[in-house]
Each structure stands twice: as structure tokens, then as C-alpha cells.
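Below: work21.cif (mmCIF, C-alpha atoms)
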```cif
data_input
loop_
_atom_site.label_atom_id
_atom_site.label_comp_id
_atom_site.auth_asym_id
_atom_site.auth_seq_id
_atom_site.Cartn_x
_atom_site.Cartn_y
_atom_site.Cartn_z
CA MET A 1 -10.52 0.12 -30.15
CA GLY A 2 -13.35 0.59 -27.67
CA GLU A 3 -14.43 -1.85 -24.99
CA THR A 4 -16.61 -4.79 -25.97
CA ARG A 5 -20.22 -4.07 -25.03
CA ARG A 6 -22.63 -5.97 -27.27
CA VAL A 7 -21.73 -9.42 -28.54
CA LEU A 8 -23.44 -11.63 -31.10
CA ILE A 9 -22.53 -15.35 -31.11
CA THR A 10 -23.40 -17.82 -33.85
CA GLY A 11 -23.64 -21.56 -33.30
CA VAL A 12 -25.02 -21.41 -29.76
CA SER A 13 -26.67 -24.83 -30.09
CA ARG A 14 -23.22 -26.43 -30.01
CA PHE A 15 -20.44 -26.60 -27.46
CA TRP A 16 -18.42 -23.62 -28.66
CA GLY A 17 -21.10 -20.95 -28.79
CA SER A 18 -23.06 -22.04 -25.74
CA HIS A 19 -20.08 -22.31 -23.39
CA LEU A 20 -18.65 -19.01 -24.62
CA ALA A 21 -21.98 -17.29 -23.95
CA ARG A 22 -22.06 -18.70 -20.43
CA GLN A 23 -18.52 -17.44 -19.79
CA LEU A 24 -19.27 -13.97 -21.11
CA GLU A 25 -22.35 -13.70 -18.90
CA ALA A 26 -19.98 -13.36 -15.94
CA VAL A 27 -18.27 -10.30 -17.48
CA PRO A 28 -19.95 -7.15 -16.07
CA SER A 29 -18.68 -4.85 -18.82
CA ILE A 30 -20.66 -6.71 -21.49
CA GLU A 31 -24.09 -5.14 -21.65
CA ARG A 32 -25.80 -7.60 -23.97
CA ILE A 33 -25.20 -11.05 -25.43
CA VAL A 34 -27.25 -12.21 -28.40
CA ALA A 35 -27.03 -15.85 -29.48
CA ILE A 36 -28.20 -17.01 -32.90
CA ASP A 37 -28.90 -20.55 -34.05
CA THR A 38 -31.63 -22.73 -35.46
CA GLU A 39 -31.70 -24.87 -32.29
CA THR A 40 -31.77 -23.99 -28.60
CA PRO A 41 -28.57 -23.91 -26.49
CA PRO A 42 -27.66 -27.15 -24.67
CA VAL A 43 -26.73 -25.29 -21.46
CA GLU A 44 -28.74 -22.94 -19.28
CA LEU A 45 -28.05 -19.27 -20.04
CA GLN A 46 -29.13 -16.49 -17.69
CA ARG A 47 -28.82 -13.17 -19.51
CA THR A 48 -28.21 -14.22 -23.09
CA ASP A 49 -30.91 -13.33 -25.62
CA PHE A 50 -31.49 -16.34 -27.86
CA VAL A 51 -32.74 -15.66 -31.38
CA ARG A 52 -33.87 -18.66 -33.39
CA ALA A 53 -32.55 -17.73 -36.81
CA ASP A 54 -30.32 -18.96 -39.60
CA ILE A 55 -27.18 -16.99 -40.44
CA ARG A 56 -27.87 -17.76 -44.09
CA HIS A 57 -30.84 -15.39 -43.85
CA SER A 58 -30.42 -11.93 -45.34
CA LEU A 59 -31.89 -10.24 -42.25
CA ILE A 60 -28.73 -10.85 -40.25
CA GLY A 61 -27.39 -7.44 -41.29
CA LYS A 62 -30.51 -5.70 -40.03
CA LEU A 63 -30.16 -7.54 -36.73
CA LEU A 64 -26.59 -6.31 -36.28
CA HIS A 65 -27.62 -2.74 -36.99
CA THR A 66 -30.78 -2.76 -34.85
CA LEU A 67 -29.05 -4.22 -31.78
CA GLU A 68 -25.88 -2.15 -32.31
CA ILE A 69 -23.63 -5.19 -32.13
CA ASP A 70 -19.95 -4.25 -31.86
CA THR A 71 -18.45 -7.78 -31.66
CA VAL A 72 -19.38 -10.84 -33.71
CA VAL A 73 -18.14 -14.32 -32.77
CA HIS A 74 -18.64 -16.78 -35.60
CA ALA A 75 -18.61 -20.08 -33.68
CA GLY A 76 -21.15 -21.73 -35.94
CA LEU A 77 -18.81 -23.64 -38.25
CA ILE A 78 -19.74 -27.33 -38.24
CA VAL A 79 -16.65 -29.53 -37.93
CA ASP A 80 -18.29 -32.72 -36.63
CA PRO A 81 -19.84 -34.65 -39.55
CA ARG A 82 -22.41 -36.22 -37.23
CA ARG A 83 -24.00 -32.84 -36.62
CA ALA A 84 -25.76 -32.59 -39.98
CA ARG A 85 -25.97 -33.85 -43.52
CA PRO A 86 -23.11 -32.94 -45.91
CA ARG A 87 -25.23 -30.42 -47.80
CA THR A 88 -26.30 -28.71 -44.58
CA VAL A 89 -22.69 -28.60 -43.40
CA HIS A 90 -21.60 -26.98 -46.67
CA GLU A 91 -24.38 -24.41 -46.71
CA THR A 92 -23.93 -23.51 -43.05
CA ASN A 93 -20.17 -23.18 -43.27
CA VAL A 94 -19.79 -21.54 -46.66
CA ILE A 95 -23.05 -19.72 -47.41
CA GLY A 96 -23.58 -18.80 -43.77
CA THR A 97 -20.08 -17.32 -43.44
CA LEU A 98 -20.43 -15.43 -46.72
CA ASN A 99 -23.71 -13.90 -45.60
CA LEU A 100 -22.36 -13.03 -42.14
CA MET A 101 -19.22 -11.35 -43.51
CA ALA A 102 -21.35 -9.38 -45.96
CA ALA A 103 -23.54 -8.16 -43.10
CA CYS A 104 -20.51 -7.16 -41.01
CA SER A 105 -18.98 -5.22 -43.90
CA SER A 106 -22.05 -3.18 -44.86
CA PRO A 107 -21.55 0.61 -44.75
CA ASP A 108 -23.82 1.10 -41.72
CA SER A 109 -22.51 -1.90 -39.77
CA PRO A 110 -21.63 -1.12 -36.12
CA VAL A 111 -19.32 -4.17 -35.95
CA ARG A 112 -15.71 -3.35 -35.06
CA LYS A 113 -14.49 -6.83 -34.09
CA VAL A 114 -14.97 -10.25 -35.69
CA VAL A 115 -13.75 -13.53 -34.16
CA VAL A 116 -13.93 -16.65 -36.34
CA LYS A 117 -13.57 -20.19 -35.03
CA SER A 118 -11.73 -22.21 -37.67
CA SER A 119 -9.79 -25.48 -37.56
CA THR A 120 -6.27 -26.76 -38.13
CA ALA A 121 -7.92 -29.14 -40.60
CA VAL A 122 -7.47 -26.32 -43.11
CA TYR A 123 -3.86 -27.52 -43.48
CA GLY A 124 -4.92 -30.99 -44.52
CA SER A 125 -2.91 -34.12 -43.79
CA GLU A 126 -0.72 -35.63 -46.50
CA SER A 127 2.45 -37.70 -46.74
CA ASP A 128 4.60 -34.79 -47.98
CA ASP A 129 3.38 -32.20 -45.45
CA PRO A 130 5.90 -30.10 -43.52
CA SER A 131 6.81 -31.35 -40.07
CA ILE A 132 5.30 -28.24 -38.45
CA TRP A 133 2.63 -25.95 -39.89
CA GLY A 134 2.91 -22.21 -39.34
CA GLU A 135 -0.01 -19.86 -39.87
CA ASP A 136 1.54 -18.69 -43.17
CA THR A 137 2.83 -22.05 -44.43
CA PRO A 138 1.35 -22.68 -47.90
CA ARG A 139 -0.30 -25.97 -48.77
CA ARG A 140 1.53 -28.11 -51.30
CA THR A 141 -1.59 -29.80 -52.64
CA SER A 142 -5.21 -28.88 -53.13
CA PRO A 143 -7.75 -30.11 -50.58
CA ARG A 144 -8.93 -33.64 -51.32
CA ASP A 145 -12.21 -33.61 -49.39
CA PRO A 146 -15.24 -31.25 -49.38
CA PHE A 147 -14.83 -30.24 -45.74
CA THR A 148 -11.27 -28.95 -46.17
CA ARG A 149 -12.28 -27.15 -49.36
CA ASP A 150 -15.11 -25.49 -47.43
CA LEU A 151 -12.66 -24.32 -44.75
CA ASP A 152 -10.45 -22.81 -47.45
CA GLU A 153 -13.44 -20.96 -48.83
CA VAL A 154 -14.57 -19.79 -45.40
CA GLU A 155 -11.17 -18.33 -44.55
CA GLY A 156 -11.06 -16.75 -48.01
CA TYR A 157 -14.25 -14.82 -47.19
CA VAL A 158 -12.70 -13.69 -43.91
CA ARG A 159 -9.55 -12.47 -45.70
CA ASP A 160 -11.71 -10.51 -48.15
CA PHE A 161 -13.54 -8.95 -45.21
CA THR A 162 -10.22 -7.92 -43.65
CA VAL A 163 -9.27 -6.14 -46.89
CA ARG A 164 -12.61 -4.34 -47.09
CA ARG A 165 -12.68 -3.41 -43.41
CA PRO A 166 -9.04 -2.92 -42.32
CA ALA A 167 -10.11 -0.92 -39.26
CA THR A 168 -12.08 -3.88 -37.92
CA VAL A 169 -10.21 -6.23 -35.58
CA THR A 170 -10.43 -9.65 -37.22
CA THR A 171 -9.22 -12.76 -35.39
CA VAL A 172 -9.12 -16.24 -36.91
CA LEU A 173 -8.54 -19.09 -34.46
CA ARG A 174 -7.51 -22.43 -35.95
CA PHE A 175 -8.31 -24.96 -33.24
CA ALA A 176 -6.76 -28.41 -32.97
CA ASN A 177 -8.92 -31.41 -32.05
CA VAL A 178 -10.59 -30.84 -28.69
CA LEU A 179 -10.91 -33.29 -25.81
CA GLY A 180 -12.96 -32.81 -22.67
CA PRO A 181 -15.73 -34.19 -20.47
CA THR A 182 -18.65 -32.36 -22.09
CA HIS A 183 -17.69 -31.85 -25.75
CA SER A 184 -18.28 -34.90 -27.95
CA THR A 185 -15.85 -34.99 -30.86
CA PRO A 186 -14.75 -37.73 -33.28
CA PHE A 187 -11.48 -38.19 -31.39
CA SER A 188 -13.17 -38.29 -27.98
CA ARG A 189 -15.54 -40.96 -29.30
CA LEU A 190 -12.61 -42.86 -30.81
CA PHE A 191 -10.61 -42.80 -27.57
CA ASP A 192 -13.65 -43.93 -25.59
CA GLN A 193 -13.58 -47.27 -27.41
CA ARG A 194 -12.00 -50.33 -25.79
CA VAL A 195 -10.32 -51.12 -29.10
CA VAL A 196 -9.02 -48.26 -31.26
CA PRO A 197 -8.62 -48.95 -35.00
CA THR A 198 -5.43 -47.46 -36.45
CA VAL A 199 -3.64 -47.52 -39.81
CA ALA A 200 -1.21 -50.40 -40.13
CA GLY A 201 2.41 -49.22 -40.20
CA PHE A 202 1.68 -45.63 -39.08
CA ASP A 203 2.02 -43.91 -35.71
CA PRO A 204 1.35 -40.21 -36.41
CA ARG A 205 2.14 -37.19 -34.25
CA LEU A 206 -0.98 -35.41 -32.99
CA GLN A 207 -1.96 -32.35 -30.98
CA PHE A 208 -5.00 -31.82 -28.80
CA LEU A 209 -6.65 -28.98 -26.93
CA HIS A 210 -8.58 -29.22 -23.67
CA GLU A 211 -12.14 -27.87 -23.95
CA GLU A 212 -11.59 -25.41 -21.07
CA ASP A 213 -8.68 -23.86 -22.96
CA ALA A 214 -10.75 -23.70 -26.15
CA VAL A 215 -13.44 -21.59 -24.45
CA ALA A 216 -10.79 -19.47 -22.68
CA VAL A 217 -9.14 -18.62 -26.01
CA LEU A 218 -12.46 -17.52 -27.51
CA GLU A 219 -13.24 -15.40 -24.47
CA HIS A 220 -9.79 -13.80 -24.56
CA ALA A 221 -10.26 -12.87 -28.23
CA VAL A 222 -13.61 -11.26 -27.42
CA LEU A 223 -12.38 -9.18 -24.49
CA ARG A 224 -9.06 -8.11 -26.06
CA ASP A 225 -8.00 -6.96 -29.50
CA ARG A 226 -5.90 -9.69 -31.06
CA PRO A 227 -5.99 -9.31 -34.85
CA GLY A 228 -4.46 -12.04 -36.98
CA VAL A 229 -4.51 -15.79 -37.49
CA TYR A 230 -3.55 -18.11 -34.62
CA ASN A 231 -2.95 -21.83 -34.35
CA VAL A 232 -4.53 -23.03 -31.10
CA ALA A 233 -3.28 -26.31 -29.65
CA GLY A 234 -1.78 -27.61 -26.44
CA ALA A 235 2.00 -27.43 -26.24
CA GLY A 236 3.91 -30.53 -27.29
CA VAL A 237 2.76 -33.59 -29.20
CA VAL A 238 1.72 -37.19 -28.59
CA VAL A 239 1.96 -40.08 -30.99
CA LEU A 240 -1.22 -42.02 -31.59
CA SER A 241 -0.01 -45.21 -29.91
CA GLN A 242 0.92 -43.22 -26.82
CA ALA A 243 -2.55 -41.65 -26.64
CA VAL A 244 -4.22 -45.06 -27.03
CA ALA A 245 -2.03 -46.50 -24.26
CA ILE A 246 -2.91 -43.59 -21.94
CA MET A 247 -6.59 -44.36 -22.52
CA GLY A 248 -5.99 -47.96 -21.49
CA ALA A 249 -7.34 -49.13 -24.85
CA VAL A 250 -6.07 -51.71 -27.33
CA ASN A 251 -4.28 -50.41 -30.42
CA LEU A 252 -5.62 -52.47 -33.35
CA PRO A 253 -3.89 -51.63 -36.70
CA VAL A 254 -6.65 -52.93 -38.99
CA LEU A 255 -6.93 -49.98 -41.38
CA PRO A 256 -4.95 -50.68 -44.57
CA PHE A 257 -2.35 -48.32 -46.02
CA VAL A 258 -4.45 -48.01 -49.19
CA GLY A 259 -8.18 -47.65 -48.60
CA ALA A 260 -8.06 -46.57 -44.95
CA GLU A 261 -10.89 -44.09 -45.49
CA LEU A 262 -13.16 -46.79 -46.94
CA ALA A 263 -12.30 -49.19 -44.12
CA MET A 264 -13.05 -46.54 -41.50
CA SER A 265 -16.40 -45.79 -43.14
CA LEU A 266 -17.30 -49.48 -42.76
CA ILE A 267 -16.29 -49.41 -39.10
CA ASP A 268 -18.31 -46.24 -38.67
CA ARG A 269 -21.45 -48.10 -39.68
CA ALA A 270 -21.04 -50.47 -36.76
CA VAL A 271 -19.70 -47.91 -34.27
CA PRO A 272 -20.88 -44.35 -35.08
CA LEU A 273 -17.64 -42.44 -34.51
CA GLY A 274 -18.27 -39.77 -37.14
CA PHE A 275 -14.76 -40.08 -38.56
CA ALA A 276 -14.70 -38.10 -41.80
CA PRO A 277 -12.07 -38.79 -44.51
CA HIS A 278 -9.87 -35.86 -43.44
CA LEU A 279 -9.74 -37.30 -39.90
CA THR A 280 -8.84 -40.77 -41.14
CA ARG A 281 -5.89 -39.26 -43.02
CA LEU A 282 -4.91 -37.62 -39.74
CA LEU A 283 -4.67 -41.12 -38.23
CA GLN A 284 -2.23 -41.93 -41.01
CA TYR A 285 -0.05 -38.85 -41.48
CA GLY A 286 -0.78 -36.72 -38.40
CA ARG A 287 -0.40 -32.96 -38.08
CA VAL A 288 1.59 -30.59 -35.86
CA VAL A 289 1.12 -26.81 -35.85
CA ASP A 290 3.34 -24.04 -34.55
CA THR A 291 1.77 -22.21 -31.58
CA THR A 292 4.47 -19.53 -31.14
CA ALA A 293 2.09 -16.74 -32.15
CA LEU A 294 -0.47 -17.92 -29.61
CA GLN A 295 2.11 -17.93 -26.84
CA GLN A 296 3.85 -14.65 -27.71
CA ARG A 297 1.30 -12.37 -29.38
CA PHE A 298 -2.06 -13.63 -28.18
CA GLY A 299 -1.20 -13.24 -24.52
CA LEU A 300 -2.92 -16.26 -22.97
CA GLN A 301 -1.26 -19.21 -21.25
CA LEU A 302 -3.14 -22.46 -21.81
CA SER A 303 -3.75 -24.60 -18.73
CA HIS A 304 -3.18 -27.95 -20.49
CA THR A 305 -0.48 -29.25 -22.78
CA THR A 306 -1.38 -31.80 -25.45
CA ALA A 307 -0.31 -34.68 -23.19
CA GLU A 308 -2.21 -33.21 -20.24
CA ALA A 309 -5.37 -32.89 -22.33
CA VAL A 310 -5.10 -36.59 -23.24
CA LEU A 311 -4.45 -37.55 -19.60
CA ALA A 312 -7.43 -35.48 -18.42
CA HIS A 313 -9.68 -37.19 -20.95
CA ALA A 314 -8.44 -40.59 -19.79
CA ARG A 315 -9.27 -39.73 -16.17
CA ASP A 316 -12.73 -38.47 -17.15
CA ARG A 317 -13.32 -41.65 -19.10
CA ARG A 318 -12.43 -43.86 -16.12
CA VAL A 319 -14.81 -41.86 -13.92
CA ARG A 320 -17.60 -42.26 -16.48
CA ASP A 321 -16.96 -46.00 -16.64
CA LEU A 322 -17.22 -46.29 -12.85
CA VAL A 323 -20.44 -44.29 -12.81
CA ARG A 324 -21.92 -46.44 -15.56
CA ALA A 325 -20.89 -49.63 -13.73
CA ASP A 326 -22.40 -48.38 -10.47
CA ALA A 327 -25.56 -47.29 -12.27
CA GLY A 328 -25.80 -50.74 -13.87
CA TYR A 329 -25.51 -52.41 -10.46
CA ARG A 330 -28.22 -50.16 -9.03
CA ASP A 331 -30.45 -50.92 -12.00
CA GLU A 332 -30.05 -54.65 -11.50
CA ALA A 333 -30.80 -54.35 -7.77
CA GLU A 334 -33.89 -52.25 -8.44
CA LEU A 335 -35.05 -54.75 -11.07
CA GLU A 336 -34.61 -57.66 -8.67
CA GLU A 337 -36.51 -55.80 -5.96
CA PHE A 338 -39.31 -55.02 -8.39
CA LEU A 339 -39.57 -58.64 -9.48
CA ARG A 340 -39.71 -59.80 -5.88
CA ALA A 341 -42.52 -57.34 -5.20
CA GLN A 342 -44.49 -58.81 -8.09
CA ARG A 343 -44.51 -62.34 -6.62
CA PRO A 344 -47.97 -63.15 -5.18
CA ALA A 345 -48.06 -63.44 -1.40
CA PRO A 346 -49.04 -66.95 -0.18
CA SER A 347 -52.57 -67.32 1.24
CA ALA A 348 -53.26 -68.19 4.89
CA ALA A 349 -54.52 -71.67 3.97
CA ALA A 350 -51.39 -72.32 1.96
CA MET A 351 -49.26 -71.26 4.88
CA VAL A 352 -51.13 -73.75 7.17
CA SER A 353 -50.99 -76.67 4.76
CA THR A 354 -47.53 -76.24 3.35
CA GLY A 355 -45.65 -74.24 5.92
CA PRO A 356 -43.31 -75.87 8.41
CA LYS A 357 -45.02 -77.39 11.44
CA VAL A 358 -43.88 -75.79 14.68
CA ARG A 359 -44.80 -77.39 18.02
CA PRO A 360 -46.10 -74.62 20.31
CA ARG A 361 -44.16 -74.07 23.45
CA ARG A 362 -46.00 -74.47 26.77
CA ALA A 363 -46.35 -71.32 28.81
CA ARG A 364 -44.85 -70.93 32.24
CA THR A 365 -46.19 -69.39 35.44
CA SER A 366 -44.70 -66.37 37.07
CA ASP A 367 -42.44 -68.54 39.24
CA GLY A 368 -41.09 -70.28 36.17
CA ALA A 369 -42.98 -73.59 36.68
CA ARG A 370 -45.03 -75.07 33.92
CA PRO A 371 -48.83 -75.07 34.61
CA ARG A 372 -50.29 -78.52 35.15
CA ARG A 373 -52.80 -79.99 32.76
CA GLY A 374 -56.47 -80.09 33.69
CA SER A 375 -56.35 -83.65 35.00
CA GLU A 376 -53.31 -82.85 37.08
CA ALA A 377 -54.95 -79.75 38.56
CA LYS A 378 -57.95 -81.72 39.80
CA GLN A 379 -55.89 -84.14 41.81
#
```
Just give me the structure as C-alpha cells.
Amino acid sequence: MGETRRVLITGVSRFWGSHLARQLEAVPSIERIVAIDTETPPVELQRTDFVRADIRHSLIGKLLHTLEIDTVVHAGLIVDPRRARPRTVHETNVIGTLNLMAACSSPDSPVRKVVVKSSTAVYGSESDDPSIWGEDTPRRTSPRDPFTRDLDEVEGYVRDFTVRRPATVTTVLRFANVLGPTHSTPFSRLFDQRVVPTVAGFDPRLQFLHEEDAVAVLEHAVLRDRPGVYNVAGAGVVVLSQAVAIMGAVNLPVLPFVGAELAMSLIDRAVPLGFAPHLTRLLQYGRVVDTTALQQRFGLQLSHTTAEAVLAHARDRRVRDLVRADAGYRDEAELEEFLRAQRPAPSAAAMVSTGPKVRPRRARTSDGARPRRGSEAKQ
């Protein structure tokens, strides 16, 4: 395949698309970067052309053809339930992906590479799951929640596209839960709490991915041809209690074995964590994926293991706490100074009548002797 020259990125108003665009701006061989979303990027971009548009719009195919886009990065899948309403999430993920794949597969499409950001949530999390999920491991049960069903449908559209366009390099990246200083996720918000609610009697195995590695994997897929499906997670696992201990938080097993999702939804009303039902089941049963394909075929060494990603998040959290504490102290000092400045200054008369009485000292002459009083001077 030819070298990547013109890249279109969806979902640039979120962490994935915006940080990928900023990374690709430093690659001289890429002539043009076009970013599409309904909202502006959260980071400053220098040479990325931002187009305010919805991928559900039928004109997306015309845009690909007019700009001669050769690489499409679909980073617009919404995986954080706090980002939008359920209907918007469904339409963006399912209808948007369907429309985008249809545009890429049109007869006059210049696209020769498609990279899709998916999630390991596609495997679900159930009591009878295999101990380790491979990319080809079949699910034993149907998805129980709308989000997982949407992911199944999204990846189904991508598989259909691969059949229709076998010459196109198609890469599907199933990312584990991400932790990092700038990307707000349900797990990062959960671990930032002083007390972490967990499911009573369960201590699941989990995997995490550092946000720097997440962007590096996307960039690697853009710049190199890596067709196929890849699980993307830091090496190794941590159990939930271990992760909570690393954060210096209190592990509070208050979620019941039956009804954990309902209990978490009640907690979410008081503390907006954005923990969807499929994430609550992850707190109960966990999930571990096989990353052999990523290590052997993808050709990129991640900089953080799962444990290192958790440790890095714990360090970042402690730094944020110190900054907040210092900022709070400065705020209190500034408030006290302001209040002092608002106190009315005492008048001169008040100072004479109420101030302390000080007996004036008698002056001395140049030789140090006290001058005599008038009566003394006349004698």
C-alpha cells in the first residue's frame, strides 16, 4: 500500500480524535489532516482542518472524494455514557458507523485504509466467561445491554466493509479501559474517589491502558499497514482490590451480588461517575484479553503495563490533590486579605480619642543634654 498522505479523523471533540490529530501534525509525510465532529476539539491544533459536521450526514462520501482522503480513522465511537443521551450514543455509534462505512466503500472512494477504535466491552462480562478473551473467541451469551449490542453491530458493519473492499487495509482496535491525567473515563472517576464502591464477595481481574499508549497505538495503525483485529491493553492484570489500594482509597463492598447495577445507578445520582451497567458487571466478573497479536503482529511495544498504568494514575491523582489543596490555601489567604481591605479605616478623631496615649519624649541638644524649660532658661 502507498504512504499515508491525507487523513480524516472522526470524533475530534473527544480525547481520542483530538490527541491523535495533534500527534499526526508532527509527521511531515502527512499532507493534510481533516477532523470531523459536531463540537470543536478540546486541544489546540495547528494544521488540522476542522469541519463541523455529523458523520450521520450523507455528504460524508462527497467529502472523502473531494478531499481525496486515503486514510479514515473512526475514533468517534462514544463509550462514556456521560458524553450524551442514550439515543444520541446509539445513533452516533451505529448509524454514524454505517454511514461512514458506506461512504468508504463507494465505487469512487479514494480510501485505502480504515482504522476503527472499538472496545474490549464487545466481549461483555459474565460469570461463565473464559479466563482470557482472544480476538476470535466467540461469546457464549447475547449482549445484555444496549451499548454492547451497539458495539456488536458496529463491528458487524466493519466486517461487511472488509468483505466488500478486501484490498483496503482495515484495522479494528479493541481498547481496554484507559487511565491517564487528561482523559476522564468512568474508571478514572471511580478511582479518584476516597471510597470506592465494589461488589460484595467479588475481586475481579482487570486490565488498563495508559492514555499515551492508546494514542500511540492509533498513530501506529495510521502510519503502518496493520490489517486485522487487535486487543489493546497493558500487559498483565490487577485485581480490583489491588488497584483501590494503590490509589490509597477505601474499598467499600456495598454493591449487592444481585442488583449491583441498580445500586450503582443510585450511587451515580449522588456521585456522577457515569458507570453504565456493562461497567458495573465488570466490577463483578472482570475481563482479561489476550494481547499476543498486539505484541507480535502489530509491532509496537507499549510503554506501560496494566499495573504501571494504575500506578501512574495514582501518582497523577496525588499531584492533583496537592495542587487543589495549595489552591484552596491561596484562595483562603486571598479572601482574608480582601476582607481586611474592606474594613473601614479609623478616622483621625477616633485615633485621638480611642488610641493609646503615648507620652512624647523630650528632645535633646547636640551634646546629648536635655534643653531646659523656659523658666529654667531665664535664670
Got a sec to resolve the PyMOL selection byres ((chain A and resi 11) around 6) on this structure and send the residues as a ChimeraX atom specification?
/A:10,12-14,17,37,75-76
Between CA of His304 in chain A and CA of Glu212 in chain A, distance in Å (one decimal)
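One can read the CA of His304 in chain A to CA of Glu212 in chain A distance as 8.8 Å.
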Write out as a Markdown table a residue-level contact list of range 280-304 of chain A versus range 109-124 of chain A with cut-off 12 Å: for each qualifying residue the closest pair of atoms and the distance in Å to one decimal, counting only C-alpha atoms, rows sorted by chain and residue number upward.
```
| residue | atom | partner | partner_atom | distance |
| --- | --- | --- | --- | --- |
| A:Thr280 | CA | A:Gly124 | CA | 11.1 |
| A:Arg281 | CA | A:Gly124 | CA | 8.5 |
| A:Leu282 | CA | A:Gly124 | CA | 8.2 |
| A:Leu283 | CA | A:Gly124 | CA | 11.9 |
| A:Gln284 | CA | A:Gly124 | CA | 11.8 |
| A:Tyr285 | CA | A:Gly124 | CA | 9.7 |
| A:Gly286 | CA | A:Gly124 | CA | 9.4 |
| A:Arg287 | CA | A:Gly124 | CA | 8.1 |
| A:Val288 | CA | A:Thr120 | CA | 9.0 |
| A:Val289 | CA | A:Thr120 | CA | 7.7 |
| A:Asp290 | CA | A:Thr120 | CA | 10.6 |
| A:Thr291 | CA | A:Thr120 | CA | 11.3 |
```
- Item | Selection result of the PyMOL selection byres ((chain A and resi 148-158) around 7) on this file, as a ChimeraX atom specification | /A:90,93-94,97-98,101,121-122,124,143,145-147,159-162
Given the file shown, enumerate the residues that the PyMOL selection byres ((chain A and resi 293) around 10) captures and present them as a list of chain:residue names.
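Those residues are A:Gly134, A:Glu135, A:Gly228, A:Val229, A:Tyr230, A:Asn231, A:Val232, A:Asp290, A:Thr291, A:Thr292, A:Leu294, A:Gln295, A:Gln296, A:Arg297, A:Phe298, A:Gly299.
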* Show me as a PyMOL selection string the residues that reach within 12 Å of (-5.1, -47.6, -20.8), counting only C-alpha atoms and using the file's own coordinates. => chain A and resi 191-196+241-251+310-311+313-315+317-318
For the residues in the current selection, export C-alpha atoms as an mmCIF file, in the frame of the given file.
```cif
data_model
loop_
_atom_site.group_PDB
_atom_site.id
_atom_site.type_symbol
_atom_site.label_atom_id
_atom_site.label_comp_id
_atom_site.auth_asym_id
_atom_site.auth_seq_id
_atom_site.Cartn_x
_atom_site.Cartn_y
_atom_site.Cartn_z
ATOM 1 C CA PHE A 191 -10.610 -42.800 -27.570
ATOM 2 C CA ASP A 192 -13.650 -43.930 -25.590
ATOM 3 C CA GLN A 193 -13.580 -47.270 -27.410
ATOM 4 C CA ARG A 194 -12.000 -50.330 -25.790
ATOM 5 C CA VAL A 195 -10.320 -51.120 -29.100
ATOM 6 C CA VAL A 196 -9.020 -48.260 -31.260
ATOM 7 C CA SER A 241 -0.010 -45.210 -29.910
ATOM 8 C CA GLN A 242 0.920 -43.220 -26.820
ATOM 9 C CA ALA A 243 -2.550 -41.650 -26.640
ATOM 10 C CA VAL A 244 -4.220 -45.060 -27.030
ATOM 11 C CA ALA A 245 -2.030 -46.500 -24.260
ATOM 12 C CA ILE A 246 -2.910 -43.590 -21.940
ATOM 13 C CA MET A 247 -6.590 -44.360 -22.520
ATOM 14 C CA GLY A 248 -5.990 -47.960 -21.490
ATOM 15 C CA ALA A 249 -7.340 -49.130 -24.850
ATOM 16 C CA VAL A 250 -6.070 -51.710 -27.330
ATOM 17 C CA ASN A 251 -4.280 -50.410 -30.420
ATOM 18 C CA VAL A 310 -5.100 -36.590 -23.240
ATOM 19 C CA LEU A 311 -4.450 -37.550 -19.600
ATOM 20 C CA HIS A 313 -9.680 -37.190 -20.950
ATOM 21 C CA ALA A 314 -8.440 -40.590 -19.790
ATOM 22 C CA ARG A 315 -9.270 -39.730 -16.170
ATOM 23 C CA ARG A 317 -13.320 -41.650 -19.100
ATOM 24 C CA ARG A 318 -12.430 -43.860 -16.120
#
```
Checklist line | Radius query 7 Å about (-0.1, -32.1, -29.6), atoms used: all atoms listed in the file, as a PyMOL selection string | finding: chain A and resi 206-208+233-238+288+306-307
Go ahead and dump the residues you just picked, C-alpha atoms, as a JSON list (two decimals), keeping the file's coordinate frame.
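Resulting contents of part04.json:
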```
[["chain", "number", "residue", "atom", "x", "y", "z"],
["A", 206, "LEU", "CA", -0.98, -35.41, -32.99],
["A", 207, "GLN", "CA", -1.96, -32.35, -30.98],
["A", 208, "PHE", "CA", -5.00, -31.82, -28.80],
["A", 233, "ALA", "CA", -3.28, -26.31, -29.65],
["A", 234, "GLY", "CA", -1.78, -27.61, -26.44],
["A", 235, "ALA", "CA", 2.00, -27.43, -26.24],
["A", 236, "GLY", "CA", 3.91, -30.53, -27.29],
["A", 237, "VAL", "CA", 2.76, -33.59, -29.20],
["A", 238, "VAL", "CA", 1.72, -37.19, -28.59],
["A", 288, "VAL", "CA", 1.59, -30.59, -35.86],
["A", 306, "THR", "CA", -1.38, -31.80, -25.45],
["A", 307, "ALA", "CA", -0.31, -34.68, -23.19]]
```
note - CA of Ala216 in chain A and CA of Leu24 in chain A are separated by 10.2 Å
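Note that the spacing between CA of Pro86 in chain A and CA of Leu218 in chain A amounts to 26.3 Å.
Closest approach to Ile78 in chain A from the set A:Ser303, A:Ser142, A:Thr4, A:Thr185 is made by A:Thr185, with distances taken over all atoms listed in the file.
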Using all atoms listed in the file: which of A:Val27, A:Leu266, A:Val89, A:Cys104 has the shortest distance to Lys62 in chain A
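Under the stated criterion, the closest residue is A:Cys104.
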